[in-house]
file model16.cif (mmCIF, C-alpha atoms)
data_entry
#
loop_
_atom_site.group_PDB
_atom_site.id
_atom_site.type_symbol
_atom_site.label_atom_id
_atom_site.label_comp_id
_atom_site.auth_asym_id
_atom_site.auth_seq_id
_atom_site.Cartn_x
_atom_site.Cartn_y
_atom_site.Cartn_z
ATOM 1 C CA MET J 705 -2.788 0.865 15.093
ATOM 2 C CA GLN J 706 -1.575 4.398 15.848
ATOM 3 C CA GLU J 707 1.160 3.950 13.228
ATOM 4 C CA PHE J 708 -1.317 2.976 10.489
ATOM 5 C CA SER J 709 -2.226 6.472 9.314
ATOM 6 C CA PRO J 710 1.306 7.828 8.707
ATOM 7 C CA TYR J 711 2.317 4.730 6.734
ATOM 8 C CA PHE J 712 -0.968 4.727 4.824
ATOM 9 C CA GLN J 713 -0.198 8.338 3.855
ATOM 10 C CA LEU J 714 3.339 7.385 2.821
ATOM 11 C CA GLY J 715 1.987 4.671 0.521
ATOM 12 C CA TRP J 716 -0.653 7.038 -0.843
ATOM 13 C CA GLN J 717 1.910 9.775 -1.474
ATOM 14 C CA HIS J 718 4.346 7.313 -3.027
ATOM 15 C CA MET J 719 1.681 6.388 -5.607
ATOM 16 C CA LEU J 720 0.271 9.869 -6.180
ATOM 17 C CA GLY J 721 3.176 12.149 -5.283
ATOM 18 C CA TRP J 722 5.163 14.134 -7.810
ATOM 19 C CA GLN J 723 8.531 13.397 -6.197
ATOM 20 C CA GLY J 724 8.623 9.910 -7.730
ATOM 21 C CA TYR J 725 5.971 10.008 -10.411
ATOM 22 C CA GLY J 726 6.991 6.838 -12.269
ATOM 23 C CA PRO J 727 4.226 4.725 -10.636
ATOM 24 C CA LEU J 728 1.659 7.460 -11.290
ATOM 25 C CA LEU J 729 2.546 7.651 -14.993
ATOM 26 C CA PHE J 730 2.603 3.871 -15.285
ATOM 27 C CA VAL J 731 -0.946 3.460 -13.951
ATOM 28 C CA ILE J 732 -2.226 6.251 -16.222
ATOM 29 C CA VAL J 733 -0.598 4.824 -19.351
ATOM 30 C CA LEU J 734 -1.888 1.327 -18.552
ATOM 31 C CA CYS J 735 -5.461 2.549 -18.097
ATOM 32 C CA CYS J 736 -5.888 5.300 -20.687
ATOM 33 C CA SER J 737 -6.798 2.917 -23.514
ATOM 34 C CA TYR J 738 -9.732 1.443 -21.590
ATOM 35 C CA ASN J 739 -13.300 2.714 -21.079
ATOM 36 C CA LEU J 740 -15.474 2.581 -17.993
ATOM 37 C CA ILE J 741 -17.321 -0.171 -19.861
ATOM 38 C CA ASN J 742 -14.113 -2.254 -19.753
ATOM 39 C CA TRP J 743 -13.862 -2.076 -15.965
ATOM 40 C CA LYS J 744 -13.366 -5.847 -15.686
ATOM 41 C CA LYS J 745 -10.460 -5.815 -18.148
ATOM 42 C CA VAL J 746 -8.797 -2.826 -16.542
ATOM 43 C CA GLY J 747 -9.384 -4.411 -13.164
ATOM 44 C CA LEU J 748 -7.563 -7.535 -14.350
ATOM 45 C CA VAL J 749 -4.677 -5.422 -15.684
ATOM 46 C CA MET J 750 -4.358 -3.613 -12.363
ATOM 47 C CA LEU J 751 -4.678 -6.882 -10.432
ATOM 48 C CA VAL J 752 -1.806 -8.415 -12.425
ATOM 49 C CA PHE J 753 0.288 -5.284 -11.809
ATOM 50 C CA ALA J 754 -0.620 -5.288 -8.097
ATOM 51 C CA LEU J 755 0.285 -8.982 -7.814
ATOM 52 C CA GLY J 756 3.679 -8.311 -9.370
ATOM 53 C CA TYR J 757 4.584 -5.344 -7.218
ATOM 54 C CA GLY J 758 3.023 -6.854 -4.108
ATOM 55 C CA LEU J 759 4.998 -10.053 -4.541
ATOM 56 C CA SER J 760 8.367 -8.376 -5.094
ATOM 57 C CA PHE J 761 7.685 -5.670 -2.495
ATOM 58 C CA ASN J 762 6.698 -8.054 0.291
ATOM 59 C CA LEU J 763 9.286 -10.733 -0.518
ATOM 60 C CA GLY J 764 11.946 -8.067 -0.953
ATOM 61 C CA LEU J 765 11.267 -6.671 2.499
ATOM 62 C CA LEU J 766 10.773 -9.946 4.310
ATOM 63 C CA TYR J 767 13.661 -11.833 2.680
ATOM 64 C CA HIS J 768 15.971 -8.879 2.056
ATOM 65 C CA ILE J 769 15.985 -9.224 -1.724
ATOM 66 C CA TYR J 770 18.137 -6.417 -3.000
ATOM 67 C CA LEU J 771 18.551 -4.942 -6.457
ATOM 68 C CA ASN J 772 20.903 -2.111 -7.283
ATOM 69 C CA PRO J 773 18.903 1.119 -6.707
ATOM 70 C CA ALA J 774 20.448 2.714 -9.822
ATOM 71 C CA LEU J 775 19.177 -0.183 -11.929
ATOM 72 C CA VAL J 776 15.688 -0.048 -10.415
ATOM 73 C CA THR J 777 15.565 3.739 -10.800
ATOM 74 C CA PHE J 778 16.415 3.267 -14.476
ATOM 75 C CA LEU J 779 13.997 0.362 -15.040
ATOM 76 C CA VAL J 780 10.898 2.088 -13.614
ATOM 77 C CA PRO J 781 10.748 4.875 -16.237
ATOM 78 C CA LEU J 782 11.783 2.326 -18.874
ATOM 79 C CA THR J 783 8.649 0.283 -18.067
ATOM 80 C CA VAL J 784 6.572 3.448 -18.451
ATOM 81 C CA LEU J 785 8.312 4.219 -21.759
ATOM 82 C CA ILE J 786 7.654 0.715 -23.128
ATOM 83 C CA SER J 787 3.998 0.827 -22.038
ATOM 84 C CA ALA J 788 3.470 4.242 -23.648
ATOM 85 C CA ALA J 789 5.154 3.039 -26.853
ATOM 86 C CA SER J 790 2.892 -0.023 -26.821
ATOM 87 C CA ASN J 791 -0.157 2.250 -26.728
ATOM 88 C CA LEU J 792 1.212 4.414 -29.550
ATOM 89 C CA PHE J 793 2.149 1.569 -31.869
ATOM 90 C CA ASN J 794 -0.985 -0.532 -31.338
ATOM 91 C CA LYS J 795 -3.719 1.681 -32.709
ATOM 92 C CA LYS J 796 -5.928 -1.266 -33.617
ATOM 93 C CA GLN J 797 -7.000 -2.205 -30.058
ATOM 94 C CA LYS J 798 -4.741 -5.265 -30.073
ATOM 95 C CA ARG J 799 -3.051 -3.833 -27.008
ATOM 96 C CA HIS J 800 -5.771 -5.448 -24.862
ATOM 97 C CA GLN J 801 -5.176 -8.959 -26.140
ATOM 98 C CA GLY J 802 -2.765 -11.720 -25.397
ATOM 99 C CA LYS J 803 -1.129 -13.440 -22.486
ATOM 100 C CA ALA J 804 2.147 -11.750 -23.367
ATOM 101 C CA ARG J 805 0.656 -8.400 -22.306
ATOM 102 C CA TYR J 806 -0.238 -9.778 -18.886
ATOM 103 C CA LEU J 807 3.188 -11.345 -18.453
ATOM 104 C CA LEU J 808 4.778 -8.010 -19.347
ATOM 105 C CA ILE J 809 2.551 -6.176 -16.862
ATOM 106 C CA LEU J 810 3.447 -8.757 -14.197
ATOM 107 C CA LEU J 811 7.155 -8.233 -14.934
ATOM 108 C CA PHE J 812 6.707 -4.465 -14.751
ATOM 109 C CA GLY J 813 4.867 -4.897 -11.451
ATOM 110 C CA LEU J 814 7.811 -6.889 -10.104
ATOM 111 C CA ILE J 815 10.174 -4.064 -11.109
ATOM 112 C CA HIS J 816 7.972 -1.384 -9.534
ATOM 113 C CA GLY J 817 7.704 -3.495 -6.369
ATOM 114 C CA LEU J 818 11.488 -3.603 -6.078
ATOM 115 C CA ALA J 819 11.514 0.191 -6.356
ATOM 116 C CA PHE J 820 9.060 0.339 -3.450
ATOM 117 C CA VAL J 821 11.345 -1.984 -1.457
ATOM 118 C CA ASN J 822 14.258 0.417 -1.886
ATOM 119 C CA TYR J 823 12.043 3.317 -0.793
ATOM 120 C CA PHE J 824 10.524 1.466 2.175
ATOM 121 C CA LYS J 825 13.949 0.353 3.430
ATOM 122 C CA THR J 826 14.941 4.009 3.824
ATOM 123 C CA LEU J 827 12.204 4.313 6.474
ATOM 124 C CA GLN J 828 14.146 1.934 8.774
ATOM 125 C CA VAL J 829 11.115 0.113 10.187
ATOM 126 C CA GLN J 830 11.814 -2.175 13.147
ATOM 127 C CA PRO J 831 11.052 -5.890 12.519
ATOM 128 C CA ALA J 832 8.444 -5.948 15.313
ATOM 129 C CA ASP J 833 6.465 -3.178 13.573
ATOM 130 C CA LEU J 834 6.952 -4.438 10.024
ATOM 131 C CA THR J 835 3.612 -6.232 9.511
ATOM 132 C CA GLU J 836 1.437 -3.328 10.649
ATOM 133 C CA LYS J 837 3.414 -0.702 8.752
ATOM 134 C CA LEU J 838 3.670 -2.873 5.656
ATOM 135 C CA LEU J 839 -0.100 -3.369 5.669
ATOM 136 C CA ALA J 840 -0.666 0.372 6.046
ATOM 137 C CA PHE J 841 1.829 1.255 3.300
ATOM 138 C CA ASN J 842 0.310 -1.315 0.901
ATOM 139 C CA ALA J 843 -3.208 -0.069 1.674
ATOM 140 C CA GLY J 844 -2.108 3.474 0.854
ATOM 141 C CA LEU J 845 -0.492 2.340 -2.405
ATOM 142 C CA LEU J 846 -3.577 0.401 -3.450
ATOM 143 C CA SER J 847 -5.947 3.234 -2.518
ATOM 144 C CA GLY J 848 -3.893 5.707 -4.532
ATOM 145 C CA GLN J 849 -3.811 3.296 -7.448
ATOM 146 C CA VAL J 850 -7.602 2.856 -7.407
ATOM 147 C CA LEU J 851 -8.175 6.624 -7.204
ATOM 148 C CA LEU J 852 -5.800 7.219 -10.111
ATOM 149 C CA LEU J 853 -7.415 4.439 -12.129
ATOM 150 C CA MET J 854 -10.893 5.885 -11.580
ATOM 151 C CA ALA J 855 -9.739 9.428 -12.394
ATOM 152 C CA THR J 856 -8.141 8.247 -15.650
ATOM 153 C CA LEU J 857 -11.199 6.226 -16.690
ATOM 154 C CA PHE J 858 -13.585 9.034 -15.745
ATOM 155 C CA THR J 859 -11.541 11.662 -17.616
ATOM 156 C CA GLY J 860 -11.452 9.391 -20.671
ATOM 157 C CA PHE J 861 -15.217 8.872 -20.400
ATOM 158 C CA ILE J 862 -15.891 12.626 -20.267
ATOM 159 C CA LEU J 863 -13.573 13.361 -23.187
ATOM 160 C CA VAL J 864 -14.628 10.475 -25.440
ATOM 161 C CA TRP J 865 -18.319 10.032 -24.656
ATOM 162 C CA VAL J 866 -19.425 13.524 -23.577
ATOM 163 C CA ILE J 867 -17.117 15.961 -25.403
ATOM 164 C CA LYS J 868 -16.768 13.504 -28.327
ATOM 165 C CA VAL J 869 -12.991 13.503 -28.644
ATOM 166 C CA LYS J 870 -11.913 10.504 -30.712
ATOM 167 C CA LYS J 871 -10.743 7.706 -28.451
ATOM 168 C CA TRP J 872 -7.507 7.328 -30.398
ATOM 169 C CA ASP J 873 -6.795 11.080 -29.974
ATOM 170 C CA TRP J 874 -7.163 10.712 -26.188
ATOM 171 C CA ILE J 875 -4.901 7.649 -26.096
ATOM 172 C CA PHE J 876 -2.393 9.247 -28.474
ATOM 173 C CA PHE J 877 -2.227 12.551 -26.576
ATOM 174 C CA LEU J 878 -1.811 10.990 -23.151
ATOM 175 C CA SER J 879 0.548 8.222 -24.274
ATOM 176 C CA SER J 880 2.689 10.687 -26.267
ATOM 177 C CA ALA J 881 3.023 13.017 -23.290
ATOM 178 C CA ILE J 882 3.914 10.137 -20.973
ATOM 179 C CA PHE J 883 6.302 8.714 -23.582
ATOM 180 C CA GLY J 884 8.156 12.047 -23.690
ATOM 181 C CA ILE J 885 8.325 12.386 -19.907
ATOM 182 C CA SER J 886 9.463 8.791 -19.404
ATOM 183 C CA LEU J 887 12.054 9.098 -22.184
ATOM 184 C CA LEU J 888 13.569 12.064 -20.342
ATOM 185 C CA MET J 889 13.436 10.179 -17.026
ATOM 186 C CA THR J 890 15.063 7.095 -18.575
ATOM 187 C CA ALA J 891 17.815 9.185 -20.167
ATOM 188 C CA GLU J 892 18.338 11.031 -16.881
ATOM 189 C CA HIS J 893 18.851 7.791 -14.936
ATOM 190 C CA PHE J 894 20.968 5.979 -17.533
ATOM 191 C CA PRO J 895 24.339 7.546 -16.558
ATOM 192 C CA ALA J 896 23.974 6.207 -12.990
ATOM 193 C CA LEU J 897 24.082 2.659 -14.413
ATOM 194 C CA LEU J 898 27.545 3.287 -15.816
ATOM 195 C CA GLN J 899 29.076 4.323 -12.495
#

call {"tool": "encode", "arguments": {"input": "model16.cif", "output": "structure tokens"}}
result
Amino acid sequence: MQEFSPYFQLGWQHMLGWQGYGPLLFVIVLCCSYNLINWKKVGLVMLVFALGYGLSFNLGLLYHIYLNPALVTFLVPLTVLISAASNLFNKKQKRHQGKARYLLILLFGLIHGLAFVNYFKTLQVQPADLTEKLLAFNAGLLSGQVLLLMATLFTGFILVWVIKVKKWDWIFFLSSAIFGISLLMTAEHFPALLQ
């Protein structure tokens, strides 16, 4: 288990690091429209996302499923962009309803998982060590995701319930900022698809 800590840190940094902040922005934009009171709903959203990325990540590594890195690098910020737009155009709380939302989150999780596969493959892990390092990396990802989820919910709670910012203003501000960032990221990665 001596290799657990470095791979846990890699997973943690991949979720919370600024070098590839697509996953970080995605978790924030998914969670910003929820309250601490809605912890079960947000937990279900994050579970669906985790199932999607966990499935594609683990199957991608174990069965060598490969997707063009340029396509995945383009699709990750596109999923963030679509999620932010969904928050902005659904002011009436309908963004929390419907099976279609969960299917979309599952699809986005699958895309993000494939991005993790491409990243993890660069680490050149030996097959004999794969299970231990995969477990550590996934634990780091999940821990970072939970921390980010709690920070987003807690910040929203402070702003909406303590400082009395309107909930829609919080959602609009955060989703607009993330929309702008992800639009730039999507535009930046689009030319690589054409090569």

call {"tool": "resolve_selection", "arguments": {"input": "model16.cif", "expression": "the PyMOL selection byres ((chain J and resi 762) around 10)", "output": "list in words"}}
result
Tyr757, Gly758, Leu759, Ser760, Phe761, Leu763, Gly764, Leu765, Leu766, Tyr767, His768, Ile769, Gly817, Leu818, Phe820, Val821, Thr835, Leu838, Leu839 and Asn842 of chain J

call {"tool": "closest_atom_pairs", "arguments": {"input": "model16.cif", "of": "stretch 805-833 of chain J", "to": "stretch 784-793 of chain J", "cutoff": "10 Å", "atoms": "all atoms listed in the file", "output": "Markdown table"}}
result
| residue | atom | partner | partner_atom | distance |
| --- | --- | --- | --- | --- |
| J:Arg805 | CA | J:Ser790 | CA | 9.8 |
| J:Leu808 | CA | J:Ser787 | CA | 9.3 |
| J:Ile809 | CA | J:Ser787 | CA | 8.8 |
| J:Phe812 | CA | J:Val784 | CA | 8.7 |

call {"tool": "atom_distance", "arguments": {"input": "model16.cif", "atom1": "atom CA of J:Ser847", "atom2": "atom CA of J:Lys745"}}
result
18.6 Å

call {"tool": "closest_residue", "arguments": {"input": "model16.cif", "among": "J:Phe861, J:Phe841, J:Phe894, J:Trp872", "to": "J:Pro710", "atoms": "all atoms listed in the file"}}
result
J:Phe841

call {"tool": "residues_around", "arguments": {"input": "model16.cif", "residues": "J:Val780", "least_positions_apart": "5", "cutoff": "12 Å", "atoms": "all atoms listed in the file", "output": "PyMOL selection string"}}
result
chain J and resi 724-731+757+773-775+785-787+811-820+886-887+889-891+893-894

call {"tool": "resolve_selection", "arguments": {"input": "model16.cif", "expression": "the PyMOL selection byres ((chain J and resi 856) around 10)", "output": "ChimeraX atom specification"}}
result
/J:731-740,850-855,857-861

call {"tool": "closest_residue", "arguments": {"input": "model16.cif", "among": "J:Phe708, J:Trp865, J:Phe877, J:Tyr806", "to": "J:Ala754", "atoms": "all atoms listed in the file"}}
result
J:Tyr806

call {"tool": "closest_residue", "arguments": {"input": "model16.cif", "among": "J:Ala896, J:Leu827, J:Phe876, J:Val869", "to": "J:Tyr711", "atoms": "all atoms listed in the file"}}
result
J:Leu827

call {"tool": "closest_residue", "arguments": {"input": "model16.cif", "among": "J:Leu846, J:Val864, J:Leu771, J:Ile741", "to": "J:Gln717", "atoms": "only C-alpha atoms"}}
result
J:Leu846

call {"tool": "atom_distance", "arguments": {"input": "model16.cif", "atom1": "atom CA of J:Met719", "atom2": "atom CA of J:Glu836"}}
result
18.9 Å

call {"tool": "atom_distance", "arguments": {"input": "model16.cif", "atom1": "atom CA of J:Ala843", "atom2": "atom CA of J:Trp716"}}
result
8.0 Å

call {"tool": "axis_aligned_box", "arguments": {"input": "model16.cif", "around": "stretch 723-741 of chain J", "padding_each_side": "3 Å", "output": "lines of an AutoDock Vina configuration file"}}
result
center_x = -4.3
center_y = 6.6
center_z = -14.9
size_x = 31.9
size_y = 19.6
size_z = 23.3

call {"tool": "closest_residue", "arguments": {"input": "model16.cif", "among": "J:Val776, J:Leu897, J:Leu714, J:Leu845", "to": "J:Asn822", "atoms": "all atoms listed in the file"}}
result
J:Val776
